[in-house]
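J.: Got a file for you: data_9.pdb, PDB, C-alpha atoms.
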ATOM      1  CA  MET E   1      25.750  19.668 113.641
ATOM      2  CA  THR E   2      23.428  18.424 116.423
ATOM      3  CA  PHE E   3      19.914  17.067 116.441
ATOM      4  CA  ASP E   4      18.591  20.552 117.320
ATOM      5  CA  ASP E   5      19.567  21.703 113.821
ATOM      6  CA  PHE E   6      17.441  18.987 112.268
ATOM      7  CA  HIS E   7      14.341  20.992 111.259
ATOM      8  CA  PHE E   8      11.227  19.498 109.771
ATOM      9  CA  ALA E   9      10.622  22.768 107.926
ATOM     10  CA  SER E  10      13.876  22.330 106.022
ATOM     11  CA  ILE E  11      12.835  18.811 105.050
ATOM     12  CA  LEU E  12       9.553  20.086 103.618
ATOM     13  CA  VAL E  13      11.286  22.780 101.571
ATOM     14  CA  SER E  14      13.863  20.255 100.334
ATOM     15  CA  THR E  15      11.061  17.851  99.407
ATOM     16  CA  VAL E  16       9.441  20.511  97.225
ATOM     17  CA  ARG E  17      12.794  21.180  95.561
ATOM     18  CA  ASN E  18      13.698  17.509  95.093
ATOM     19  CA  ALA E  19      10.362  16.375  93.686
ATOM     20  CA  PRO E  20      10.331  18.158  90.256
ATOM     21  CA  VAL E  21      13.094  15.934  88.840
ATOM     22  CA  LEU E  22      10.942  12.893  89.564
ATOM     23  CA  ILE E  23       7.621  14.534  88.652
ATOM     24  CA  PHE E  24       8.740  15.541  85.154
ATOM     25  CA  ALA E  25      10.274  12.128  84.472
ATOM     26  CA  ALA E  26       7.325  10.203  85.931
ATOM     27  CA  MET E  27       4.762  12.194  83.936
ATOM     28  CA  ALA E  28       6.897  11.677  80.825
ATOM     29  CA  GLY E  29       6.993   7.927  81.411
ATOM     30  CA  LEU E  30       3.276   7.947  82.129
ATOM     31  CA  PHE E  31       2.473   9.128  78.592
ATOM     32  CA  ALA E  32       4.789   6.563  77.023
ATOM     33  CA  GLU E  33       3.589   3.615  79.077
ATOM     34  CA  ARG E  34      -0.083   4.521  78.901
ATOM     35  CA  SER E  35       0.287   4.290  75.130
ATOM     36  CA  GLY E  36       1.857   0.824  75.441
ATOM     37  CA  VAL E  37       5.584   1.645  75.184
ATOM     38  CA  ILE E  38       7.834   0.653  78.099
ATOM     39  CA  ASP E  39      10.159   3.558  78.856
ATOM     40  CA  ILE E  40      13.215   2.253  80.664
ATOM     41  CA  GLY E  41      15.199   4.959  78.879
ATOM     42  CA  LEU E  42      14.100   7.830  81.146
ATOM     43  CA  GLU E  43      17.474   7.843  82.886
ATOM     44  CA  GLY E  44      19.402   8.282  79.643
ATOM     45  CA  LYS E  45      17.096  11.026  78.379
ATOM     46  CA  ILE E  46      17.477  12.920  81.667
ATOM     47  CA  LEU E  47      21.267  12.774  81.340
ATOM     48  CA  ALA E  48      21.182  13.894  77.714
ATOM     49  CA  SER E  49      18.975  16.846  78.556
ATOM     50  CA  ALA E  50      21.065  17.780  81.605
ATOM     51  CA  PHE E  51      24.305  17.851  79.634
ATOM     52  CA  THR E  52      22.874  19.689  76.630
ATOM     53  CA  SER E  53      21.050  22.217  78.798
ATOM     54  CA  ALA E  54      24.170  22.950  80.857
ATOM     55  CA  ALA E  55      26.511  23.140  77.846
ATOM     56  CA  VAL E  56      24.275  25.424  75.771
ATOM     57  CA  ALA E  57      23.334  27.577  78.767
ATOM     58  CA  PHE E  58      27.028  28.108  79.513
ATOM     59  CA  ALA E  59      27.861  28.848  75.873
ATOM     60  CA  THR E  60      24.999  31.312  75.402
ATOM     61  CA  GLN E  61      24.715  32.495  79.017
ATOM     62  CA  SER E  62      20.973  31.925  78.726
ATOM     63  CA  PRO E  63      19.095  29.223  80.645
ATOM     64  CA  TRP E  64      16.232  29.425  78.155
ATOM     65  CA  TYR E  65      18.437  28.513  75.195
ATOM     66  CA  GLY E  66      19.856  25.702  77.312
ATOM     67  CA  MET E  67      16.387  24.344  78.077
ATOM     68  CA  ALA E  68      15.366  24.579  74.409
ATOM     69  CA  ALA E  69      18.478  22.666  73.306
ATOM     70  CA  GLY E  70      17.949  20.029  75.999
ATOM     71  CA  MET E  71      14.353  19.633  74.860
ATOM     72  CA  ALA E  72      15.405  19.157  71.229
ATOM     73  CA  VAL E  73      17.933  16.434  72.101
ATOM     74  CA  CYS E  74      15.526  14.684  74.450
ATOM     75  CA  VAL E  75      12.751  14.685  71.842
ATOM     76  CA  LEU E  76      15.126  13.230  69.233
ATOM     77  CA  LEU E  77      16.068  10.424  71.628
ATOM     78  CA  ALA E  78      12.418   9.754  72.417
ATOM     79  CA  LEU E  79      11.534   9.597  68.713
ATOM     80  CA  LEU E  80      14.514   7.309  68.069
ATOM     81  CA  GLN E  81      13.276   5.067  70.857
ATOM     82  CA  GLY E  82       9.817   5.231  69.287
ATOM     83  CA  TYR E  83      11.193   4.273  65.878
ATOM     84  CA  VAL E  84      12.856   1.164  67.324
ATOM     85  CA  SER E  85       9.907   0.206  69.526
ATOM     86  CA  ILE E  86       6.928   1.239  67.370
ATOM     87  CA  THR E  87       7.970   1.115  63.718
ATOM     88  CA  GLN E  88      10.589  -1.637  63.873
ATOM     89  CA  LYS E  89       8.741  -3.626  66.574
ATOM     90  CA  GLY E  90      12.014  -3.988  68.478
ATOM     91  CA  ASN E  91      12.450  -5.040  72.082
ATOM     92  CA  GLN E  92      11.364  -2.030  74.127
ATOM     93  CA  LEU E  93      13.413  -2.940  77.187
ATOM     94  CA  VAL E  94      16.593  -3.303  75.149
ATOM     95  CA  ALA E  95      15.955   0.012  73.375
ATOM     96  CA  GLY E  96      15.574   1.833  76.701
ATOM     97  CA  ILE E  97      18.617   0.211  78.283
ATOM     98  CA  ALA E  98      20.678   1.038  75.181
ATOM     99  CA  ILE E  99      19.753   4.725  75.544
ATOM    100  CA  ASN E 100      20.721   4.686  79.213
ATOM    101  CA  ILE E 101      24.114   3.103  78.586
ATOM    102  CA  ALA E 102      24.866   5.256  75.547
ATOM    103  CA  MET E 103      23.971   8.542  77.246
ATOM    104  CA  SER E 104      25.877   7.669  80.415
ATOM    105  CA  GLY E 105      29.078   7.336  78.403
ATOM    106  CA  LEU E 106      28.464   9.877  75.640
ATOM    107  CA  THR E 107      27.627  12.808  77.914
ATOM    108  CA  PHE E 108      30.817  12.240  79.911
ATOM    109  CA  VAL E 109      32.956  11.999  76.770
ATOM    110  CA  LEU E 110      31.439  15.135  75.237
ATOM    111  CA  ALA E 111      31.770  17.088  78.470
ATOM    112  CA  GLN E 112      35.434  16.114  78.696
ATOM    113  CA  PHE E 113      36.025  16.925  75.019
ATOM    114  CA  PHE E 114      34.444  20.384  75.108
ATOM    115  CA  PHE E 115      35.333  21.594  78.611
ATOM    116  CA  GLN E 116      38.339  19.551  79.819
ATOM    117  CA  GLN E 117      37.124  19.541  83.426
ATOM    118  CA  GLY E 118      37.003  15.856  84.242
ATOM    119  CA  GLY E 119      33.686  15.198  82.530
ATOM    120  CA  ARG E 120      31.743  18.126  83.954
ATOM    121  CA  THR E 121      30.748  21.498  82.591
ATOM    122  CA  PRO E 122      31.851  24.817  84.111
ATOM    123  CA  ASP E 123      29.650  26.510  86.697
ATOM    124  CA  LEU E 124      26.808  28.315  84.971
ATOM    125  CA  GLY E 125      26.808  31.355  87.257
ATOM    126  CA  GLN E 126      24.295  33.876  85.942
ATOM    127  CA  ALA E 127      23.086  31.379  83.338
ATOM    128  CA  ARG E 128      21.181  29.451  86.010
ATOM    129  CA  LEU E 129      17.453  29.712  86.585
ATOM    130  CA  PHE E 130      17.059  31.536  89.866
ATOM    131  CA  ASP E 131      14.268  31.452  92.425
ATOM    132  CA  VAL E 132      11.038  33.397  92.082
ATOM    133  CA  VAL E 133      10.259  35.791  94.942
ATOM    134  CA  LEU E 134       6.509  36.058  95.402
ATOM    135  CA  PRO E 135       4.965  39.523  95.882
ATOM    136  CA  GLY E 136       4.639  40.489  99.534
ATOM    137  CA  SER E 137       7.172  37.954 100.820
ATOM    138  CA  ALA E 138       9.195  40.642 102.635
ATOM    139  CA  TYR E 139       6.119  41.908 104.487
ATOM    140  CA  LEU E 140       4.946  38.459 105.585
ATOM    141  CA  GLU E 141       8.342  36.964 106.394
ATOM    142  CA  HIS E 142       8.272  37.936 110.091
ATOM    143  CA  ILE E 143       4.783  36.499 110.718
ATOM    144  CA  PRO E 144       5.129  33.128 112.482
ATOM    145  CA  PHE E 145       4.472  30.137 110.218
ATOM    146  CA  LEU E 146       2.519  32.155 107.601
ATOM    147  CA  GLY E 147       5.627  34.084 106.562
ATOM    148  CA  TRP E 148       7.687  30.919 106.229
ATOM    149  CA  PHE E 149       4.870  29.078 104.449
ATOM    150  CA  TYR E 150       4.364  31.830 101.881
ATOM    151  CA  ALA E 151       7.964  32.937 101.341
ATOM    152  CA  HIS E 152       9.796  29.598 101.520
ATOM    153  CA  LEU E 153       7.426  26.655 101.066
ATOM    154  CA  ILE E 154       5.202  28.175  98.369
ATOM    155  CA  GLY E 155       7.582  30.888  97.193
ATOM    156  CA  GLY E 156      11.315  30.999  96.679
ATOM    157  CA  HIS E 157      11.472  28.314  94.000
ATOM    158  CA  SER E 158      12.411  28.182  90.335
ATOM    159  CA  VAL E 159       9.738  28.532  87.671
ATOM    160  CA  LEU E 160      10.308  24.840  86.834
ATOM    161  CA  VAL E 161       9.102  23.868  90.321
ATOM    162  CA  TYR E 162       5.772  25.589  89.712
ATOM    163  CA  LEU E 163       5.595  24.024  86.253
ATOM    164  CA  ALA E 164       6.138  20.551  87.724
ATOM    165  CA  PHE E 165       3.405  20.905  90.341
ATOM    166  CA  GLY E 166       1.019  22.522  87.857
ATOM    167  CA  LEU E 167       1.671  19.710  85.408
ATOM    168  CA  VAL E 168      -0.081  17.082  87.531
ATOM    169  CA  PRO E 169      -3.696  18.332  87.172
ATOM    170  CA  LEU E 170      -3.036  19.053  83.490
ATOM    171  CA  VAL E 171      -1.841  15.493  82.846
ATOM    172  CA  HIS E 172      -4.823  14.132  84.799
ATOM    173  CA  TRP E 173      -7.211  16.169  82.652
ATOM    174  CA  LEU E 174      -5.494  15.150  79.423
ATOM    175  CA  LEU E 175      -5.594  11.447  80.275
ATOM    176  CA  TYR E 176      -9.155  11.234  81.569
ATOM    177  CA  HIS E 177     -11.067  14.161  80.074
ATOM    178  CA  SER E 178      -9.729  14.673  76.554
ATOM    179  CA  ARG E 179     -10.065  12.824  73.262
ATOM    180  CA  PHE E 180      -6.299  12.417  73.074
ATOM    181  CA  GLY E 181      -6.241  10.795  76.524
ATOM    182  CA  LEU E 182      -9.009   8.393  75.577
ATOM    183  CA  ARG E 183      -7.121   7.309  72.456
ATOM    184  CA  LEU E 184      -3.867   7.067  74.386
ATOM    185  CA  ARG E 185      -5.351   4.778  77.013
ATOM    186  CA  ALA E 186      -7.090   2.705  74.366
ATOM    187  CA  CYS E 187      -3.775   2.127  72.577
ATOM    188  CA  GLY E 188      -2.218   0.975  75.847
ATOM    189  CA  GLU E 189      -5.077  -1.306  76.833
ATOM    190  CA  ASN E 190      -6.367  -2.760  73.561
ATOM    191  CA  PRO E 191      -4.600  -1.423  70.465
ATOM    192  CA  HIS E 192      -6.502  -3.697  68.075
ATOM    193  CA  ALA E 193      -9.856  -2.364  69.324
ATOM    194  CA  ALA E 194      -8.507   1.188  68.996
ATOM    195  CA  ASP E 195      -7.369   0.426  65.448
ATOM    196  CA  ALA E 196     -10.797  -1.000  64.606
ATOM    197  CA  ALA E 197     -12.355   2.236  65.872
ATOM    198  CA  GLY E 198     -10.244   4.242  63.432
ATOM    199  CA  VAL E 199      -7.467   5.334  65.795
ATOM    200  CA  SER E 200      -3.937   5.263  64.380
ATOM    201  CA  VAL E 201      -2.083   3.302  67.064
ATOM    202  CA  GLU E 202       1.384   4.077  65.722
ATOM    203  CA  ALA E 203       0.677   7.805  65.357
ATOM    204  CA  THR E 204      -0.767   7.958  68.886
ATOM    205  CA  ARG E 205       2.248   6.171  70.333
ATOM    206  CA  TYR E 206       4.634   8.458  68.462
ATOM    207  CA  LEU E 207       2.776  11.479  69.819
ATOM    208  CA  ALA E 208       3.036  10.007  73.310
ATOM    209  CA  MET E 209       6.808   9.590  72.861
ATOM    210  CA  LEU E 210       7.035  13.197  71.652
ATOM    211  CA  VAL E 211       5.295  14.426  74.807
ATOM    212  CA  CYS E 212       7.510  12.094  76.840
ATOM    213  CA  GLY E 213      10.635  13.673  75.350
ATOM    214  CA  VAL E 214       9.438  17.216  76.064
ATOM    215  CA  LEU E 215       8.557  16.493  79.696
ATOM    216  CA  CYS E 216      11.676  14.436  80.374
ATOM    217  CA  SER E 217      13.837  17.297  79.094
ATOM    218  CA  PHE E 218      12.578  19.492  81.933
ATOM    219  CA  SER E 219      13.823  16.918  84.416
ATOM    220  CA  GLY E 220      17.384  17.104  83.062
ATOM    221  CA  ALA E 221      17.268  20.882  82.717
ATOM    222  CA  TYR E 222      16.127  21.189  86.327
ATOM    223  CA  LEU E 223      19.042  19.076  87.527
ATOM    224  CA  ALA E 224      21.653  21.078  85.637
ATOM    225  CA  ILE E 225      20.300  24.626  85.460
ATOM    226  CA  VAL E 226      18.467  24.874  88.782
ATOM    227  CA  GLN E 227      19.765  22.392  91.342
ATOM    228  CA  SER E 228      23.454  22.029  90.526
ATOM    229  CA  GLY E 229      24.437  24.849  88.212
ATOM    230  CA  PHE E 230      26.614  22.469  86.148
ATOM    231  CA  PHE E 231      26.599  19.011  84.565
ATOM    232  CA  LEU E 232      28.351  16.122  86.283
ATOM    233  CA  ARG E 233      28.714  12.565  85.070
ATOM    234  CA  ASP E 234      25.683  10.382  85.925
ATOM    235  CA  MET E 235      24.214  13.265  87.927
ATOM    236  CA  SER E 236      20.699  11.851  87.509
ATOM    237  CA  ALA E 237      21.709   9.210  90.096
ATOM    238  CA  GLY E 238      18.863   6.842  89.313
ATOM    239  CA  ALA E 239      16.126   9.491  89.068
ATOM    240  CA  GLY E 240      14.706   7.815  85.963
ATOM    241  CA  TYR E 241      14.356   4.499  87.771
ATOM    242  CA  LEU E 242      12.818   6.182  90.823
ATOM    243  CA  ALA E 243      10.304   7.838  88.473
ATOM    244  CA  LEU E 244       9.395   4.405  87.079
ATOM    245  CA  THR E 245       8.944   3.150  90.629
ATOM    246  CA  ALA E 246       6.679   6.111  91.385
ATOM    247  CA  MET E 247       4.552   5.075  88.389
ATOM    248  CA  VAL E 248       4.214   1.564  89.783
ATOM    249  CA  PHE E 249       3.394   3.056  93.189
ATOM    250  CA  GLY E 250       0.766   5.257  91.560
ATOM    251  CA  ASN E 251      -0.676   2.440  89.435
ATOM    252  CA  TRP E 252       0.002   4.500  86.284
ATOM    253  CA  ARG E 253      -2.319   7.289  87.517
ATOM    254  CA  PRO E 254      -1.071  10.902  87.547
ATOM    255  CA  VAL E 255      -2.170  11.959  91.046
ATOM    256  CA  TYR E 256      -0.962   8.814  92.811
ATOM    257  CA  THR E 257       2.242   8.878  90.767
ATOM    258  CA  PHE E 258       2.734  12.452  91.946
ATOM    259  CA  LEU E 259       2.327  11.302  95.561
ATOM    260  CA  GLY E 260       4.962   8.641  94.923
ATOM    261  CA  CYS E 261       7.337  11.324  93.639
ATOM    262  CA  LEU E 262       6.710  13.383  96.771
ATOM    263  CA  MET E 263       7.451  10.329  98.902
ATOM    264  CA  PHE E 264      10.816   9.754  97.215
ATOM    265  CA  GLY E 265      11.526  13.486  97.346
ATOM    266  CA  PHE E 266      10.822  13.417 101.077
ATOM    267  CA  PHE E 267      13.198  10.529 101.733
ATOM    268  CA  GLY E 268      15.826  12.234  99.602
ATOM    269  CA  ALA E 269      15.414  15.356 101.749
ATOM    270  CA  VAL E 270      15.683  13.295 104.946
ATOM    271  CA  GLN E 271      18.874  11.736 103.589
ATOM    272  CA  ILE E 272      20.402  15.199 103.102
ATOM    273  CA  GLN E 273      19.219  16.527 106.456
ATOM    274  CA  ILE E 274      20.423  13.684 108.667
ATOM    275  CA  GLU E 275      23.870  13.424 107.086
ATOM    276  CA  GLY E 276      26.346  14.564 109.729
ATOM    277  CA  VAL E 277      23.649  14.865 112.410
ATOM    278  CA  ASP E 278      24.118  13.331 115.881
ATOM    279  CA  LEU E 279      20.846  11.484 116.449
ATOM    280  CA  PRO E 280      19.791  10.798 120.084
ATOM    281  CA  GLY E 281      20.729   7.281 121.157
ATOM    282  CA  ILE E 282      22.172   6.470 117.739
ATOM    283  CA  GLY E 283      24.924   8.964 117.069
ATOM    284  CA  ARG E 284      26.157   9.931 113.642
ATOM    285  CA  ILE E 285      25.086   7.609 110.833
ATOM    286  CA  PRO E 286      27.718   6.910 108.125
ATOM    287  CA  GLY E 287      27.049   8.767 104.888
ATOM    288  CA  SER E 288      27.115   5.558 102.827
ATOM    289  CA  LEU E 289      24.190   4.164 104.834
ATOM    290  CA  ILE E 290      22.246   7.412 104.479
ATOM    291  CA  GLN E 291      22.673   7.361 100.704
ATOM    292  CA  MET E 292      21.003   3.948 100.647
ATOM    293  CA  VAL E 293      17.715   5.308 102.044
ATOM    294  CA  PRO E 294      15.910   6.173  98.753
ATOM    295  CA  TYR E 295      16.928   2.875  97.157
ATOM    296  CA  VAL E 296      15.894   0.780 100.160
ATOM    297  CA  VAL E 297      12.527   2.538 100.038
ATOM    298  CA  THR E 298      12.366   1.730  96.299
ATOM    299  CA  VAL E 299      12.885  -1.993  96.958
ATOM    300  CA  ILE E 300      10.246  -1.982  99.708
ATOM    301  CA  VAL E 301       7.737  -0.176  97.503
ATOM    302  CA  LEU E 302       8.313  -2.513  94.568
ATOM    303  CA  ALA E 303       8.131  -5.613  96.764
ATOM    304  CA  GLY E 304       4.913  -4.463  98.413
ATOM    305  CA  LEU E 305       3.046  -2.959  95.478
ATOM    306  CA  MET E 306       4.221  -4.700  92.315
ATOM    307  CA  ALA E 307       1.717  -7.533  92.726
ATOM    308  CA  LYS E 308      -1.142  -5.064  93.332
ATOM    309  CA  SER E 309      -0.329  -2.689  90.482
ATOM    310  CA  VAL E 310      -2.131  -3.210  87.201
ATOM    311  CA  ALA E 311      -0.126  -2.041  84.203
ATOM    312  CA  PRO E 312      -1.705  -1.202  80.826
ATOM    313  CA  LYS E 313      -2.546  -4.559  79.227
ATOM    314  CA  ALA E 314      -0.666  -3.919  75.995
ATOM    315  CA  LEU E 315       2.418  -2.463  77.695
ATOM    316  CA  GLY E 316       5.551  -3.710  75.976
ATOM    317  CA  THR E 317       3.628  -5.463  73.194
ATOM    318  CA  PRO E 318       4.419  -4.298  69.647
ATOM    319  CA  PHE E 319       1.304  -3.497  67.617
ATOM    320  CA  ILE E 320       0.984  -5.587  64.446
ATOM    321  CA  LYS E 321      -1.969  -4.501  62.393
ATOM    322  CA  SER E 322      -4.410  -7.248  61.452
ATOM    323  CA  ARG E 323      -4.903  -7.814  57.755
TER
END
Is it possible to express this structure as structure tokens?
T.:
Amino acid sequence: MTFDDFHFASILVSTVRNAPVLIFAAMAGLFAERSGVIDIGLEGKILASAFTSAAVAFATQSPWYGMAAGMAVCVLLALLQGYVSITQKGNQLVAGIAINIAMSGLTFVLAQFFFQQGGRTPDLGQARLFDVVLPGSAYLEHIPFLGWFYAHLIGGHSVLVYLAFGLVPLVHWLLYHSRFGLRLRACGENPHAADAAGVSVEATRYLAMLVCGVLCSFSGAYLAIVQSGFFLRDMSAGAGYLALTAMVFGNWRPVYTFLGCLMFGFFGAVQIQIEGVDLPGIGRIPGSLIQMVPYVVTVIVLAGLMAKSVAPKALGTPFIKSR
């Protein structure tokens, strides 16, 4: 492959296809952390959903059953995390890390036990979610730019891609223009004032964790049923941590968090595109260096923005009701 094959159009399409994994996870974490619960466990929940979605989709030959099963498992994990963090007042960081470690090992063991393929599931084949072809794509395809824009950048994606991008304005509205959003933010900023106003802090945080589990399940399902077509050990590859970084980048606001997800999706697309490419004056960059790109960007973003980001004031603080 030469530099002439390195097309910016392909990077844009890859960015759109890479971003949903991060968008779902970041929006999930946004609900949890806005309510005051630190969600380090996004990575583990993504893995659990990816494995369950792939296994059930293969067994039933239906991606929808796979997604439903992945959602159920992810919600159970989120509620378990909520029980430790909210009811038992446990250390929220430890609870999240425990989920990550447990799911990293358990999904591999279960995949090996059920399928005997080295810790991965069989290819899903027809049980995958396939791309949506927009009406009129064939007629517009030969029109310069417009055909590509309509058929490939806007169209030609899975239904989960459209759900991810449509989720952002919905989350923004819920957080800033609904009664639930007002209570959620109050519980994350000043839970004692919210409690004095008659808001059940624990119930609100549990509801936030429930929403977190539902949204995070889509991230795992997208990885397994759309992108890969199978489950592979640790296939999330740090997506949960990148989603947390996007939240810091976006200052816990949906639109800016979404832009952070697009940024990481873009660098992930660049990583894929330049692998094996002979760059002018540089030559071919080793694959190991290319794979470092998203994580180097993560370190830079955290170093530059962590001091400027303002987290919810009660984030990570267990709520103990005043007598």
J.: For stretch 95-97 of chain E, find every residue with an atom within 12 Å (counting all atoms listed in the file), except residues of its own chain fewer than 6 positions away, and show them as number ranges by chain.
T.: E: 29, 32, 37-45, 77-86, 88-89, 103-104, 240-241, 316
J.: Determine the residue set returned by the PyMOL selection byres ((chain E and resi 165) around 10) for the present structure, and present it as a list in words.
T.: Val16, Ala19, Pro20, Ile23, Phe24, Leu160, Val161, Tyr162, Leu163, Ala164, Gly166, Leu167, Val168, Pro169, Leu170 and Phe258 of chain E
J.: Output the selection as a compact mmCIF listing (two decimals), in the coordinates of the input - C-alpha atoms for each residue.
T.:
# COMPACT_ATOMS: atom_id res chain seq x y z
CA VAL E 16 9.44 20.51 97.22
CA ALA E 19 10.36 16.38 93.69
CA PRO E 20 10.33 18.16 90.26
CA ILE E 23 7.62 14.53 88.65
CA PHE E 24 8.74 15.54 85.15
CA LEU E 160 10.31 24.84 86.83
CA VAL E 161 9.10 23.87 90.32
CA TYR E 162 5.77 25.59 89.71
CA LEU E 163 5.60 24.02 86.25
CA ALA E 164 6.14 20.55 87.72
CA GLY E 166 1.02 22.52 87.86
CA LEU E 167 1.67 19.71 85.41
CA VAL E 168 -0.08 17.08 87.53
CA PRO E 169 -3.70 18.33 87.17
CA LEU E 170 -3.04 19.05 83.49
CA PHE E 258 2.73 12.45 91.95
J.: Nearest to E:Arg233: which of E:Ser10, E:Gln116, E:Thr15, E:Thr121 is it, counting all atoms listed in the file?
T.: E:Thr121
J.: Would you mind reading off the distance between atom CA of E:Ala237 and atom CA of E:Asn251, one decimal, in Å?
T.: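 Value for the atom CA of E:Ala237-atom CA of E:Asn251 distance: 23.4 Å.
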J.: I'd like the box whose edges run along x, y and z of the file and which contains every listed atom of stretch 58-68 of chain E, padded by 4 Å per side; could you state its centre and edge lengths in Å, one decimal, as lines of an AutoDock Vina configuration file?
T.:
center_x = 21.6
center_y = 28.4
center_z = 77.5
size_x = 20.5
size_y = 16.2
size_z = 14.2
